[in-house]
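Below is the file query.pdb, which contains PDB, C-alpha atoms and all ligand atoms.
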ATOM      1  CA  MET J1198      -8.813 -28.871   4.173
ATOM      2  CA  VAL J1199      -9.532 -27.855   7.766
ATOM      3  CA  VAL J1200      -7.002 -25.402   9.101
ATOM      4  CA  THR J1201      -6.560 -25.744  12.841
ATOM      5  CA  GLY J1202      -3.141 -24.188  13.322
ATOM      6  CA  ASP J1203      -2.157 -26.282  16.357
ATOM      7  CA  MET J1204       1.454 -26.417  17.520
ATOM      8  CA  ALA J1205       2.472 -29.500  15.473
ATOM      9  CA  GLU J1206       0.880 -28.100  12.356
ATOM     10  CA  ILE J1207       2.501 -24.707  12.832
ATOM     11  CA  GLN J1208       5.830 -26.452  13.383
ATOM     12  CA  SER J1209       5.562 -28.290  10.073
ATOM     13  CA  TRP J1210       4.525 -25.108   8.234
ATOM     14  CA  ALA J1211       7.455 -23.219   9.761
ATOM     15  CA  LEU J1212       9.893 -25.957   8.826
ATOM     16  CA  PHE J1213       8.834 -25.711   5.211
ATOM     17  CA  ALA J1214       9.066 -21.895   5.337
ATOM     18  CA  GLU J1215      12.605 -22.270   6.686
ATOM     19  CA  PHE J1216      13.523 -24.401   3.687
ATOM     20  CA  VAL J1217      11.984 -21.831   1.320
ATOM     21  CA  ALA J1218      13.782 -18.923   3.059
ATOM     22  CA  LYS J1219      17.100 -20.710   2.664
ATOM     23  CA  GLU J1220      16.467 -21.258  -1.053
ATOM     24  CA  ALA J1221      15.558 -17.576  -1.370
ATOM     25  CA  GLY J1222      18.805 -16.702   0.393
ATOM     26  CA  GLU J1223      20.755 -18.635  -2.206
ATOM     27  CA  THR J1224      19.227 -16.467  -4.939
ATOM     28  CA  ILE J1225      20.058 -13.299  -2.980
ATOM     29  CA  ARG J1226      23.670 -14.410  -2.401
ATOM     30  CA  THR J1227      24.174 -14.936  -6.120
ATOM     31  CA  ALA J1228      22.432 -11.676  -7.053
ATOM     32  CA  MET J1229      24.536  -9.745  -4.526
ATOM     33  CA  LYS J1230      27.536 -10.094  -6.844
ATOM     34  CA  ALA J1231      25.678  -9.087 -10.021
ATOM     35  CA  GLU J1232      24.524  -5.714 -11.337
ATOM     36  CA  LYS J1233      21.252  -4.590  -9.717
ATOM     37  CA  ASN J1234      18.228  -3.197 -11.449
ATOM     38  CA  ILE J1235      16.938  -0.552  -8.999
ATOM     39  CA  THR J1236      13.688   1.413  -8.896
ATOM     40  CA  LEU J1237      12.266   3.814  -6.308
ATOM     41  CA  LYS J1238       9.128   3.306  -4.221
ATOM     42  CA  SER J1239       7.760   5.809  -1.686
ATOM     43  CA  SER J1240      10.835   8.100  -1.671
ATOM     44  CA  VAL J1241      14.297   8.509  -3.192
ATOM     45  CA  VAL J1242      15.710   6.390  -0.373
ATOM     46  CA  ASP J1243      13.075   3.633  -0.581
ATOM     47  CA  LEU J1244      14.567   1.177  -3.070
ATOM     48  CA  VAL J1245      13.439  -2.020  -4.739
ATOM     49  CA  THR J1246      15.261  -4.343  -7.132
ATOM     50  CA  GLU J1247      14.240  -7.074  -9.531
ATOM     51  CA  THR J1248      15.624  -9.551  -6.980
ATOM     52  CA  ASP J1249      13.226  -8.329  -4.246
ATOM     53  CA  LYS J1250      10.296  -8.962  -6.598
ATOM     54  CA  ALA J1251      11.546 -12.328  -7.873
ATOM     55  CA  VAL J1252      12.323 -13.607  -4.372
ATOM     56  CA  GLU J1253       8.928 -12.534  -3.024
ATOM     57  CA  ALA J1254       7.169 -14.288  -5.929
ATOM     58  CA  PHE J1255       9.244 -17.415  -5.272
ATOM     59  CA  ILE J1256       8.398 -17.469  -1.545
ATOM     60  CA  ILE J1257       4.678 -16.848  -2.077
ATOM     61  CA  ASP J1258       4.407 -19.385  -4.911
ATOM     62  CA  SER J1259       6.234 -22.023  -2.850
ATOM     63  CA  LEU J1260       4.048 -21.541   0.236
ATOM     64  CA  LYS J1261       0.837 -21.179  -1.772
ATOM     65  CA  GLY J1262       1.610 -24.362  -3.690
ATOM     66  CA  ARG J1263       1.814 -26.277  -0.443
ATOM     67  CA  TYR J1264      -0.848 -24.392   1.571
ATOM     68  CA  PRO J1265      -3.446 -23.119  -0.914
ATOM     69  CA  ASP J1266      -5.786 -21.866   1.869
ATOM     70  CA  HIS J1267      -3.192 -19.597   3.436
ATOM     71  CA  LYS J1268      -3.038 -15.843   2.902
ATOM     72  CA  PHE J1269      -0.060 -13.598   2.196
ATOM     73  CA  ILE J1270       1.164 -10.126   3.008
ATOM     74  CA  GLY J1271       4.330  -9.238   1.122
ATOM     75  CA  GLU J1272       6.354  -6.047   0.909
ATOM     76  CA  GLU J1273       6.501  -6.010  -2.871
ATOM     77  CA  SER J1274       2.917  -7.219  -3.345
ATOM     78  CA  ASP J1275       1.852  -4.312  -1.118
ATOM     79  CA  ALA J1276       3.954  -1.890  -3.172
ATOM     80  CA  ALA J1277       2.222  -3.259  -6.286
ATOM     81  CA  GLY J1278      -1.163  -2.323  -4.820
ATOM     82  CA  GLN J1279      -2.193  -5.498  -3.003
ATOM     83  CA  LYS J1280      -2.750  -3.936   0.401
ATOM     84  CA  ALA J1281      -1.870  -5.836   3.560
ATOM     85  CA  GLU J1282      -4.963  -7.516   4.953
ATOM     86  CA  LEU J1283      -4.860  -9.551   8.131
ATOM     87  CA  THR J1284      -7.720 -12.004   8.605
ATOM     88  CA  ASP J1285      -8.131 -15.033  10.885
ATOM     89  CA  ALA J1286      -6.687 -17.313   8.194
ATOM     90  CA  PRO J1287      -3.060 -18.431   8.536
ATOM     91  CA  THR J1288      -1.219 -15.475   7.005
ATOM     92  CA  TRP J1289       2.432 -15.340   5.978
ATOM     93  CA  ILE J1290       4.025 -11.904   6.317
ATOM     94  CA  ILE J1291       7.026 -11.670   4.032
ATOM     95  CA  ASP J1292       9.938  -9.347   3.443
ATOM     96  CA  PRO J1293      11.928 -10.972   0.630
ATOM     97  CA  ILE J1294      15.022  -8.819   1.195
ATOM     98  CA  ASP J1295      15.030  -6.913   4.444
ATOM     99  CA  GLY J1296      17.897  -4.514   3.927
ATOM    100  CA  THR J1297      17.383  -3.716   0.247
ATOM    101  CA  THR J1298      19.636  -0.654   0.515
ATOM    102  CA  ASN J1299      22.379  -2.886   1.890
ATOM    103  CA  PHE J1300      21.761  -5.357  -0.928
ATOM    104  CA  VAL J1301      22.077  -2.568  -3.507
ATOM    105  CA  HIS J1302      25.403  -1.496  -1.990
ATOM    106  CA  SER J1303      26.657  -5.064  -1.394
ATOM    107  CA  PHE J1304      26.731  -4.415   2.369
ATOM    108  CA  PRO J1305      26.446  -7.952   3.742
ATOM    109  CA  TYR J1306      23.618  -7.432   6.255
ATOM    110  CA  VAL J1307      20.472  -8.581   4.476
ATOM    111  CA  SER J1308      17.817 -11.062   5.461
ATOM    112  CA  VAL J1309      14.762 -12.947   4.335
ATOM    113  CA  SER J1310      12.008 -12.406   6.886
ATOM    114  CA  VAL J1311       8.914 -14.609   7.099
ATOM    115  CA  GLY J1312       6.361 -14.312   9.912
ATOM    116  CA  LEU J1313       3.198 -16.332  10.388
ATOM    117  CA  ALA J1314      -0.016 -15.153  12.016
ATOM    118  CA  VAL J1315      -2.906 -17.481  12.838
ATOM    119  CA  GLN J1316      -6.180 -15.899  13.940
ATOM    120  CA  LYS J1317      -4.359 -12.572  13.856
ATOM    121  CA  GLU J1318      -1.794 -13.751  16.388
ATOM    122  CA  LEU J1319       1.889 -13.989  15.453
ATOM    123  CA  VAL J1320       2.938 -17.584  16.064
ATOM    124  CA  ALA J1321       6.118 -18.195  14.058
ATOM    125  CA  GLY J1322       9.122 -16.252  12.830
ATOM    126  CA  ILE J1323      11.858 -17.216  10.404
ATOM    127  CA  ILE J1324      14.682 -14.813   9.572
ATOM    128  CA  TYR J1325      17.583 -15.903   7.399
ATOM    129  CA  HIS J1326      20.762 -13.810   7.724
ATOM    130  CA  VAL J1327      21.828 -14.484   4.165
ATOM    131  CA  MET J1328      25.535 -13.645   4.096
ATOM    132  CA  ALA J1329      26.241 -15.135   7.542
ATOM    133  CA  ASP J1330      24.209 -18.262   6.774
ATOM    134  CA  GLU J1331      22.367 -17.921  10.098
ATOM    135  CA  MET J1332      18.785 -19.154  10.328
ATOM    136  CA  TYR J1333      16.835 -17.589  13.213
ATOM    137  CA  THR J1334      13.609 -19.405  14.053
ATOM    138  CA  ALA J1335      10.909 -19.334  16.699
ATOM    139  CA  ILE J1336       7.476 -20.797  17.234
ATOM    140  CA  LYS J1337       5.206 -19.423  19.944
ATOM    141  CA  GLY J1338       5.834 -21.396  23.125
ATOM    142  CA  GLY J1339       8.836 -23.274  21.699
ATOM    143  CA  GLY J1340      11.844 -20.993  22.293
ATOM    144  CA  ALA J1341      14.090 -19.191  19.801
ATOM    145  CA  PHE J1342      17.021 -20.620  17.883
ATOM    146  CA  CYS J1343      19.903 -19.704  15.594
ATOM    147  CA  ASN J1344      20.946 -22.586  13.353
ATOM    148  CA  GLY J1345      19.193 -24.910  15.811
ATOM    149  CA  ASN J1346      20.961 -23.578  18.940
ATOM    150  CA  ALA J1347      18.830 -21.887  21.596
ATOM    151  CA  ILE J1348      19.301 -18.118  21.898
ATOM    152  CA  LYS J1349      18.472 -15.754  24.765
ATOM    153  CA  VAL J1350      18.237 -12.013  25.224
ATOM    154  CA  SER J1351      20.673 -10.152  27.488
ATOM    155  CA  GLN J1352      19.675  -9.236  31.041
ATOM    156  CA  ALA J1353      19.818  -5.469  30.507
ATOM    157  CA  THR J1354      17.195  -3.666  32.534
ATOM    158  CA  GLU J1355      18.293  -0.084  31.956
ATOM    159  CA  MET J1356      19.459   2.208  29.196
ATOM    160  CA  ALA J1357      22.711   3.173  30.952
ATOM    161  CA  GLY J1358      25.398   0.823  29.695
ATOM    162  CA  SER J1359      23.185  -0.687  26.991
ATOM    163  CA  LEU J1360      23.777  -1.164  23.276
ATOM    164  CA  VAL J1361      20.868   0.340  21.351
ATOM    165  CA  VAL J1362      19.901  -0.464  17.781
ATOM    166  CA  THR J1363      17.804   1.787  15.555
ATOM    167  CA  GLU J1364      17.431   2.826  11.920
ATOM    168  CA  VAL J1365      16.996   6.029   9.936
ATOM    169  CA  GLY J1366      14.324   4.244   7.885
ATOM    170  CA  SER J1367      13.158   4.889   4.361
ATOM    171  CA  GLY J1368      11.453   8.279   4.769
ATOM    172  CA  ARG J1369      13.052  11.705   5.138
ATOM    173  CA  ASP J1370      10.110  13.990   5.837
ATOM    174  CA  PRO J1371      11.031  16.824   8.229
ATOM    175  CA  SER J1372       8.807  15.819  11.147
ATOM    176  CA  ARG J1373      10.124  12.272  11.103
ATOM    177  CA  MET J1374      13.744  13.451  10.859
ATOM    178  CA  ASP J1375      13.223  15.959  13.656
ATOM    179  CA  ALA J1376      11.967  13.192  15.963
ATOM    180  CA  PHE J1377      14.795  10.919  14.788
ATOM    181  CA  TYR J1378      17.495  13.439  15.819
ATOM    182  CA  LYS J1379      15.765  14.205  19.139
ATOM    183  CA  ASN J1380      15.615  10.493  19.854
ATOM    184  CA  LEU J1381      19.316   9.964  19.118
ATOM    185  CA  GLU J1382      20.098  12.767  21.539
ATOM    186  CA  ALA J1383      17.785  11.344  24.194
ATOM    187  CA  VAL J1384      19.300   7.860  23.881
ATOM    188  CA  LEU J1385      22.865   9.177  24.074
ATOM    189  CA  GLY J1386      21.842  11.214  27.125
ATOM    190  CA  THR J1387      21.160   8.007  29.044
ATOM    191  CA  ASN J1388      24.828   6.944  28.930
ATOM    192  CA  ALA J1389      23.975   4.061  26.665
ATOM    193  CA  HIS J1390      27.226   2.493  25.438
ATOM    194  CA  GLY J1391      26.365   3.085  21.797
ATOM    195  CA  ILE J1392      23.864   3.183  18.963
ATOM    196  CA  ARG J1393      23.992   0.915  15.909
ATOM    197  CA  ALA J1394      22.099   1.276  12.609
ATOM    198  CA  MET J1395      22.953  -1.624  10.313
ATOM    199  CA  GLY J1396      20.118  -1.481   7.796
ATOM    200  CA  SER J1397      17.879  -4.500   8.398
ATOM    201  CA  ALA J1398      15.140  -4.141  11.002
ATOM    202  CA  ALA J1399      14.534  -7.894  11.004
ATOM    203  CA  LEU J1400      18.188  -8.676  11.696
ATOM    204  CA  ASN J1401      18.306  -5.944  14.325
ATOM    205  CA  MET J1402      15.562  -7.824  16.164
ATOM    206  CA  CYS J1403      17.607 -11.044  15.867
ATOM    207  CA  MET J1404      20.602  -9.226  17.403
ATOM    208  CA  ILE J1405      18.435  -8.319  20.405
ATOM    209  CA  ALA J1406      17.112 -11.905  20.584
ATOM    210  CA  ARG J1407      20.622 -13.354  20.687
ATOM    211  CA  GLY J1408      21.847 -10.886  23.316
ATOM    212  CA  SER J1409      24.134  -8.975  20.926
ATOM    213  CA  GLY J1410      22.250  -5.737  21.617
ATOM    214  CA  ASP J1411      19.899  -4.729  24.429
ATOM    215  CA  VAL J1412      17.062  -2.777  22.880
ATOM    216  CA  CYS J1413      15.965  -1.679  19.408
ATOM    217  CA  TYR J1414      13.397   0.807  18.203
ATOM    218  CA  GLU J1415      12.177   2.236  14.933
ATOM    219  CA  TYR J1416       9.420   4.471  13.586
ATOM    220  CA  GLY J1417       8.236   4.026   9.997
ATOM    221  CA  ILE J1418       8.828   0.316   9.476
ATOM    222  CA  HIS J1419       6.164  -2.086   8.248
ATOM    223  CA  CYS J1420       4.583  -5.322   9.399
ATOM    224  CA  TRP J1421       6.849  -7.397   7.116
ATOM    225  CA  ASP J1422       9.953  -5.863   8.771
ATOM    226  CA  MET J1423       8.928  -6.846  12.297
ATOM    227  CA  ALA J1424       6.439  -9.774  12.258
ATOM    228  CA  ALA J1425       9.026 -12.558  12.395
ATOM    229  CA  GLY J1426      11.359 -10.576  14.675
ATOM    230  CA  TYR J1427       8.577 -10.069  17.209
ATOM    231  CA  VAL J1428       8.145 -13.837  17.679
ATOM    232  CA  ILE J1429      11.911 -14.402  17.817
ATOM    233  CA  ILE J1430      12.489 -11.709  20.482
ATOM    234  CA  ARG J1431       9.552 -12.925  22.574
ATOM    235  CA  GLU J1432      10.642 -16.545  22.379
ATOM    236  CA  ALA J1433      14.208 -15.583  23.317
ATOM    237  CA  GLY J1434      12.756 -14.198  26.559
ATOM    238  CA  GLY J1435      12.532 -10.550  25.487
ATOM    239  CA  PHE J1436       9.767  -7.968  25.342
ATOM    240  CA  CYS J1437       8.171  -5.935  22.539
ATOM    241  CA  CYS J1438       5.840  -2.974  22.779
ATOM    242  CA  ASP J1439       4.648   0.097  20.968
ATOM    243  CA  PRO J1440       7.132   2.971  21.456
ATOM    244  CA  THR J1441       4.497   4.763  23.565
ATOM    245  CA  GLY J1442       4.648   1.829  25.988
ATOM    246  CA  GLY J1443       1.318   0.316  24.875
ATOM    247  CA  SER J1444       0.821  -3.154  23.408
ATOM    248  CA  PHE J1445       2.809  -4.151  20.356
ATOM    249  CA  ASN J1446       0.784  -3.674  17.192
ATOM    250  CA  MET J1447       2.467  -5.044  14.108
ATOM    251  CA  MET J1448       0.384  -2.792  11.838
ATOM    252  CA  ALA J1449       1.299   0.416  13.699
ATOM    253  CA  ARG J1450       4.585   0.936  11.825
ATOM    254  CA  ARG J1451       6.689   1.394  14.956
ATOM    255  CA  VAL J1452       8.218  -0.828  17.587
ATOM    256  CA  ILE J1453      10.455  -1.203  20.606
ATOM    257  CA  GLY J1454      11.970  -4.640  21.163
ATOM    258  CA  GLY J1455      14.284  -5.320  24.060
ATOM    259  CA  ALA J1456      15.799  -7.720  26.524
ATOM    260  CA  THR J1457      13.416  -6.812  29.345
ATOM    261  CA  GLU J1458      10.188  -4.923  29.866
ATOM    262  CA  SER J1459      12.085  -2.543  32.109
ATOM    263  CA  ILE J1460      14.555  -1.342  29.444
ATOM    264  CA  CYS J1461      11.762  -1.052  26.864
ATOM    265  CA  LYS J1462       9.659   1.096  29.209
ATOM    266  CA  GLN J1463      12.650   3.271  30.094
ATOM    267  CA  LEU J1464      13.328   3.878  26.409
ATOM    268  CA  SER J1465       9.654   4.534  25.756
ATOM    269  CA  GLY J1466       9.701   7.261  28.395
ATOM    270  CA  ILE J1467      12.432   9.300  26.672
ATOM    271  CA  LEU J1468      11.395   8.973  23.020
ATOM    272  CA  THR J1469       9.583  11.598  20.985
ATOM    273  CA  HIS J1470       6.759   9.638  19.377
ATOM    274  CA  ILE J1471       5.354  10.108  15.919
ATOM    275  CA  GLU J1472       2.076   8.830  14.512
ATOM    276  CA  LEU J1473       2.185   6.965  11.225
ATOM    277  CA  GLU J1474      -0.532   5.701   8.958
ATOM    278  CA  HIS J1475      -1.037   2.031   9.847
ATOM    279  CA  ASP J1476      -0.387  -0.819   7.446
ATOM    280  CA  GLY J1477      -3.337  -2.524   5.811
ATOM    281  CA  ARG J1478      -6.934  -2.621   6.891
ATOM    282  CA  ALA J1479      -6.932  -4.505  10.213
ATOM    283  CA  SER J1480      -4.848  -4.358  13.345
ATOM    284  CA  ALA J1481      -3.143  -7.265  15.061
ATOM    285  CA  SER J1482      -1.619  -8.025  18.398
TER     286      SER J1482
HETATM  287  C1  LIG J1501      13.958  -1.627   5.530
HETATM  288  C2  LIG J1501      14.982  -2.089   6.521
HETATM  289  C3  LIG J1501      15.585  -0.913   7.246
HETATM  290  C4  LIG J1501      14.521  -0.090   7.933
HETATM  291  C5  LIG J1501      13.458   0.342   6.963
HETATM  292  C6  LIG J1501      12.885  -0.848   6.240
HETATM  293  P1  LIG J1501      13.543  -3.076   3.335
HETATM  294  O1  LIG J1501      13.349  -2.733   4.911
HETATM  295  O2  LIG J1501      14.427  -2.963   7.462
HETATM  296  O3  LIG J1501      16.458  -1.340   8.241
HETATM  297  O4  LIG J1501      15.091   1.045   8.483
HETATM  298  O5  LIG J1501      12.459   0.989   7.697
HETATM  299  O6  LIG J1501      11.945  -0.395   5.300
HETATM  300  O7  LIG J1501      12.896  -1.964   2.596
HETATM  301  O8  LIG J1501      14.994  -3.146   3.093
HETATM  302  O9  LIG J1501      12.840  -4.347   3.185
END

Taking this structure as input, can you express it in the form of structure tokens?
Amino acid sequence: MVVTGDMAEIQSWALFAEFVAKEAGETIRTAMKAEKNITLKSSVVDLVTETDKAVEAFIIDSLKGRYPDHKFIGEESDAAGQKAELTDAPTWIIDPIDGTTNFVHSFPYVSVSVGLAVQKELVAGIIYHVMADEMYTAIKGGGAFCNGNAIKVSQATEMAGSLVVTEVGSGRDPSRMDAFYKNLEAVLGTNAHGIRAMGSAALNMCMIARGSGDVCYEYGIHCWDMAAGYVIIREAGGFCCDPTGGSFNMMARRVIGGATESICKQLSGILTHIELEHDGRASAS
């Protein structure tokens, strides 16, 4: 099979991924009500459940069955030792449950996040907001949608008066926490209207894409938390960059995503930045 990855082909791949994400969501909805089998990963606040693993296996098996030449980066596969590797091949970047801590506590803000990169470029994003039954989708050059209706970012150009979304993340080391507190203070100092931390980086990016928040940022996340959200924000008319103001790098474990370049750059200018070990073995734009 020759893989070209043109728009029509990407569209058909994304449509199938949407179907798979919805099926995965059904499993998560059912499991939300049952007892969870929890284990720890990188820290005492970095959780994984049997459902995360089962849903990731389901998504990868479904996509692999249909597209045997495609490659996969998955949160739980990575945790099991299969390190994220981005090549030119069509690569699906999967977070089976983004918001595992929410899932564990039955807090209804969890998503299935599936991004697609072709020749190392992110070209499609699918995020299913499981408990709200909202399917966010975008293909590069085709706009962004929620349940088939076009979505757009807000018009916010400055931090004053904005609604900002961030996360504590799943690490608690002192240098990261120190920067986290400094950053909260800096954001509040701009007269932003408020800060929200709801527990799913992928859904946070959807909130920015639909104009329900103006800018989001986080240090310490991974490529599977932000790959799909990047495409959705961009296609909704928004902007994404590295928190230092440089180009977005999905392997760099940090991001700013916002309604406009102007608000992202303003936020970048007040944040205390931290360096994190990159995901995987290759970098992507
Ligand atoms: C986490 C969520 C959370 C973010 C963490 C992520 P997970 O993903 O997106 O909002 O703060 O950095 O690790 O572990 O629930 O898939």

Written as JSON, numbers by chain, what is the full residue list that the PyMOL selection byres (((not hetatm)) within 8 of (chain J and resi 1501)) yields on the file shown? {"J": [1243, 1244, 1245, 1272, 1292, 1293, 1294, 1295, 1296, 1297, 1298, 1299, 1307, 1363, 1364, 1365, 1366, 1367, 1368, 1394, 1395, 1396, 1397, 1398, 1399, 1401, 1415, 1416, 1417, 1418, 1419, 1421, 1422]}

List the neighbours of J:Met1204 out to 10 Å using only C-alpha atoms; skip same-chain residues closer than 3 positions along the sequence, and give me the result as a PyMOL selection string. chain J and resi 1201+1207-1210+1320+1336-1339

How would you write, as a list in words, the residues chosen by the PyMOL selection byres (((chain J and resi 1355) around 10) and not hetatm) on this structure?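 Matching residues under the PyMOL selection byres (((chain J and resi 1355) around 10) and not hetatm) are Gln1352, Ala1353, Thr1354, Met1356, Ala1357, Gly1358, Ser1359, Thr1387, Ala1389, Asp1411, Val1412, Ala1456, Thr1457, Glu1458, Ser1459, Ile1460, Cys1461, Lys1462, Gln1463 and Leu1464 of chain J.
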
Determine, counting all atoms listed in the file, which protein, DNA and RNA residues have an atom within 10 Å of an atom of stretch 1217-1227 of chain J; residues of the same chain fewer than 3 positions away are not included. Present the result as number ranges by chain. J: 1211-1214, 1230-1231, 1248-1249, 1251-1253, 1255-1257, 1259-1260, 1291, 1293-1294, 1300, 1303, 1305, 1307-1311, 1323-1328, 1330-1332

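The environment of J:Val1315 within 10 Å, counting only C-alpha atoms and disregarding residues fewer than 2 places along the same chain, consists of J:Val1200, J:Thr1201, J:Gly1202, J:Asp1203, J:Ile1207, J:His1267, J:Leu1283, J:Thr1284, J:Asp1285, J:Ala1286, J:Pro1287, J:Thr1288, J:Trp1289, J:Leu1313, J:Lys1317, J:Glu1318, J:Leu1319, J:Val1320, J:Ala1321.
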